[in-house]
Amino acid sequence: MAQQGWFMREIVDTGRLPLFCLLASFIVGFAFIRLSVRMIRAEVRWWPGNVKPGGLHIHHVVFGVVLLLISGIGVFAVEAPSTPVKSTLAVFFGIGTALVLDEFALILHLRDVYWTQEGRTSVDAVFVAAAMVGLVLLGFRPIGVVDWTDYREDPTLGTALFLAGFLVFELTMAVITLLKGKVWTGLIGLFFIPLLVVGVVRLSRPGAPWARWRYRNNPKKMARAARRDERWRHPVVNAKVKFQELLTGRHDM
C-alpha cells in the first residue's frame with residue numbers, strides 16, 4: 001500500500017505518468033531487443049532471426065524510426081490529448097527510442113558495427129538517455145527550465161537579463177566539461193551545477209579535444225592528465241565495460 005501510495009502521489013498526481021510509461025517502455029524495449037540480438041548471435045534455432053525480406057537486412061533502427069514518427073505525429077494530431085492517450089503515445093515513443101539508440105553506433109559510423117568495439121557507443125547512448133529521463137521523472141529539472149520557472153514568478157526585464165546571462169554561463173561550463181571528455185559529468189551537470197564546476201576545474205582527459213588544443217605546448221600537463229586518467233578512469237571504464245557486457249553481450253568482433 002505504501003508503494004502504491006507513493007506511485008499515485010509522486011507519479012500520477014504530478015502528471016508524470018506519461019514520462020514513467022516512456023521510461024518503462026524504453027527499458028523493456030531495450031532489454032527485449034538485446035535479448036533478441038543475443039539469441040540471433042547464438043544461432044538459437046527456435047528464435048526468429050533477422051528480418052530479411054528479399055535478402056535485405058532491415059535493422060531494428062528502421063522499426064524504431066517508424067514508432068517515433070507514429071508517436072510524434074500522434075502528439076500533434078490529437079487535440080488536448082488525455083493522460084491515457086499521452087501515456088500510450090509515450091509507450092510507442094519509448095520503444096522506438098530504444099530501438100533507435102540501440103543502433104546509435106550504426107547511425108554514427110554509417111556501417112554495421114553492432115558487435116564491434118565501436119558498437120559500445122550504442123550502449124553508452126542508451127545508458128545516458130535512461131539516466132536523463134530518470135532524473136526528470138524523479139523531479140529534477142535541467143538548467144534553463146528552473147530559470148524559466150523563476151522568470152514566470154518575476155517577469156521583469158532585469159530578471160530576464162540576469163537569467164539569460166546565467167544560462168549562458170552554465171551552458172558554457174557544460175560545453176567545456178564535454179570538450180574535456182567528461183561526458184557523464186557534463187550531462188548530469190545539466191541537473192547539478194556543482195558537477196559542472198568540478199568538470200571545468202579538473203584536468204581534461206588526454207584524448208579529449210580540450211587536451212589537444214590546450215595541452216599541446218604543455219607536455220607536463222598532458223603527462224599529468226594521462227597519469228590521472230590511467231589511475232582513476234581506466235578502472236571505472238573496465239568495470240563499466242564488464243557490467244555492459246553482462247547485460248548486452250560482448251563486443252569483440
# chains A, B, ... in the order shown; residues from 1 in each chain; ligands from 1
>>> select_by_dssp(residues="region 35-224 of chain A", states="alpha helix (DSSP H)", output="ChimeraX atom specification")
/A:35-41,60-77,83-101,104-109,120-137,145-153,157-179,183-188,193-201,209-214,219-224
>>> residues_around(residues="region 180-192 of chain A", least_positions_apart="5", cutoff="6 Å", atoms="only C-alpha atoms", output="ChimeraX atom specification")
/A:142-143,174,204-205,208,210
>>> closest_residue(among="A:Glu245, A:Leu99, A:Cys21, A:Leu163", to="Val66 (chain A)", atoms="only C-alpha atoms")
A:Leu99
>>> closest_residue(among="A:Val113, A:Val61, A:Met39, A:Leu161", to="His251 (chain A)", atoms="only C-alpha atoms")
A:Val113
>>> closest_residue(among="A:Val136, A:Ile70, A:Ala239, A:Leu203", to="Ala226 (chain A)", atoms="only C-alpha atoms")
A:Leu203
>>> closest_residue(among="A:Leu196, A:Ala160, A:Met222, A:Val123", to="Phe243 (chain A)", atoms="only C-alpha atoms")
A:Val123
>>> closest_residue(among="A:Thr97, A:Thr248, A:Thr83, A:Ser122", to="Gly29 (chain A)", atoms="only C-alpha atoms")
A:Thr97
>>> closest_residue(among="A:Ser36, A:Ser82, A:Asn238, A:Thr88", to="Asn50 (chain A)", atoms="only C-alpha atoms")
A:Ser36
>>> residues_around(residues="Leu69 (chain A)", least_positions_apart="4", cutoff="12 Å", atoms="only C-alpha atoms", output="list in words")
Val62, Phe63, Gly64, Val65, Ile73, Gly74, Val75, Phe76, Ala77, Leu89, Ala90, Phe92, Phe93, Gly94, Ile95, Gly96, Thr97 and Val100 of chain A
>>> decode(residues="region 107-213 of chain A", atoms="C-alpha atoms", output="short mmCIF file (atom, residue, chain, number, x, y, z; two decimals), in the first residue's frame")
data_model
loop_
_atom_site.label_atom_id
_atom_site.label_comp_id
_atom_site.auth_asym_id
_atom_site.auth_seq_id
_atom_site.Cartn_x
_atom_site.Cartn_y
_atom_site.Cartn_z
CA ILE A 107 23.91 5.75 -37.44
CA LEU A 108 27.11 7.39 -36.21
CA HIS A 109 29.52 5.32 -38.30
CA LEU A 110 27.15 4.65 -41.24
CA ARG A 111 28.10 0.96 -41.18
CA ASP A 112 27.18 -2.10 -39.16
CA VAL A 113 29.46 -2.01 -36.10
CA TYR A 114 26.93 -3.60 -33.74
CA TRP A 115 29.22 -6.23 -32.18
CA THR A 116 32.49 -4.30 -32.56
CA GLN A 117 34.20 -2.04 -30.06
CA GLU A 118 32.58 0.95 -31.77
CA GLY A 119 29.22 -0.67 -31.05
CA ARG A 120 29.64 0.12 -27.36
CA THR A 121 28.64 3.67 -28.24
CA SER A 122 25.07 2.46 -28.62
CA VAL A 123 25.03 1.05 -25.09
CA ASP A 124 26.50 4.27 -23.73
CA ALA A 125 23.80 6.26 -25.52
CA VAL A 126 21.08 4.07 -24.02
CA PHE A 127 22.50 4.45 -20.52
CA VAL A 128 22.74 8.22 -20.89
CA ALA A 129 19.17 8.51 -22.18
CA ALA A 130 17.82 6.35 -19.35
CA ALA A 131 19.69 8.45 -16.78
CA MET A 132 18.37 11.73 -18.24
CA VAL A 133 14.75 10.56 -18.31
CA GLY A 134 15.10 9.02 -14.86
CA LEU A 135 16.30 12.29 -13.36
CA VAL A 136 13.40 14.21 -14.90
CA LEU A 137 10.98 11.55 -13.67
CA LEU A 138 12.32 11.96 -10.15
CA GLY A 139 11.55 15.67 -10.30
CA PHE A 140 14.95 17.12 -11.22
CA ARG A 141 14.97 19.85 -13.85
CA PRO A 142 17.84 20.80 -16.15
CA ILE A 143 19.30 24.28 -16.15
CA GLY A 144 17.17 26.70 -18.10
CA VAL A 145 13.90 25.07 -17.11
CA VAL A 146 14.40 26.11 -13.49
CA ASP A 147 15.44 29.58 -14.64
CA TRP A 148 12.26 29.92 -16.70
CA THR A 149 10.22 28.99 -13.64
CA ASP A 150 11.91 31.80 -11.71
CA TYR A 151 11.17 34.23 -14.54
CA ARG A 152 7.46 33.42 -14.51
CA GLU A 153 7.41 34.29 -10.82
CA ASP A 154 9.11 37.64 -11.51
CA PRO A 155 8.61 38.56 -15.21
CA THR A 156 10.76 41.70 -15.36
CA LEU A 157 13.48 42.73 -17.84
CA GLY A 158 16.13 42.65 -15.15
CA THR A 159 15.22 39.11 -14.18
CA ALA A 160 15.21 38.03 -17.82
CA LEU A 161 18.68 39.51 -18.49
CA PHE A 162 20.12 38.01 -15.32
CA LEU A 163 18.70 34.56 -16.03
CA ALA A 164 19.81 34.68 -19.68
CA GLY A 165 23.36 35.58 -18.65
CA PHE A 166 23.42 32.87 -16.00
CA LEU A 167 22.09 30.32 -18.50
CA VAL A 168 24.85 31.18 -20.98
CA PHE A 169 27.41 30.81 -18.17
CA GLU A 170 26.01 27.40 -17.20
CA LEU A 171 25.92 26.14 -20.79
CA THR A 172 29.50 27.36 -21.32
CA MET A 173 30.64 25.30 -18.35
CA ALA A 174 28.77 22.28 -19.73
CA VAL A 175 30.42 22.64 -23.15
CA ILE A 176 33.90 22.95 -21.60
CA THR A 177 33.25 19.87 -19.46
CA LEU A 178 32.16 17.87 -22.51
CA LEU A 179 35.17 19.09 -24.53
CA LYS A 180 37.34 17.78 -21.71
CA GLY A 181 35.94 14.32 -22.40
CA LYS A 182 33.86 14.16 -19.22
CA VAL A 183 30.58 13.14 -20.84
CA TRP A 184 28.74 11.89 -17.77
CA THR A 185 29.91 14.85 -15.66
CA GLY A 186 28.77 17.28 -18.35
CA LEU A 187 25.36 15.71 -18.92
CA ILE A 188 24.48 15.05 -15.27
CA GLY A 189 25.87 18.50 -14.51
CA LEU A 190 22.99 19.95 -16.51
CA PHE A 191 20.91 18.95 -13.49
CA PHE A 192 23.54 19.56 -10.76
CA ILE A 193 25.59 22.68 -11.42
CA PRO A 194 28.37 21.83 -8.88
CA LEU A 195 29.36 18.94 -11.15
CA LEU A 196 29.98 21.42 -13.97
CA VAL A 197 32.26 23.42 -11.70
CA VAL A 198 34.23 20.25 -10.95
CA GLY A 199 34.39 19.40 -14.66
CA VAL A 200 35.71 22.86 -15.57
CA VAL A 201 38.33 22.97 -12.82
CA ARG A 202 39.78 19.46 -13.19
CA LEU A 203 42.20 18.32 -15.88
CA SER A 204 40.96 17.19 -19.26
CA ARG A 205 41.24 13.60 -20.37
CA PRO A 206 44.33 13.20 -22.56
CA GLY A 207 42.49 12.18 -25.72
CA ALA A 208 39.79 14.85 -25.49
CA PRO A 209 39.60 17.91 -27.79
CA TRP A 210 40.40 20.25 -24.88
CA ALA A 211 43.68 18.43 -24.19
CA ARG A 212 44.67 18.51 -27.86
CA TRP A 213 44.01 22.25 -28.03
#
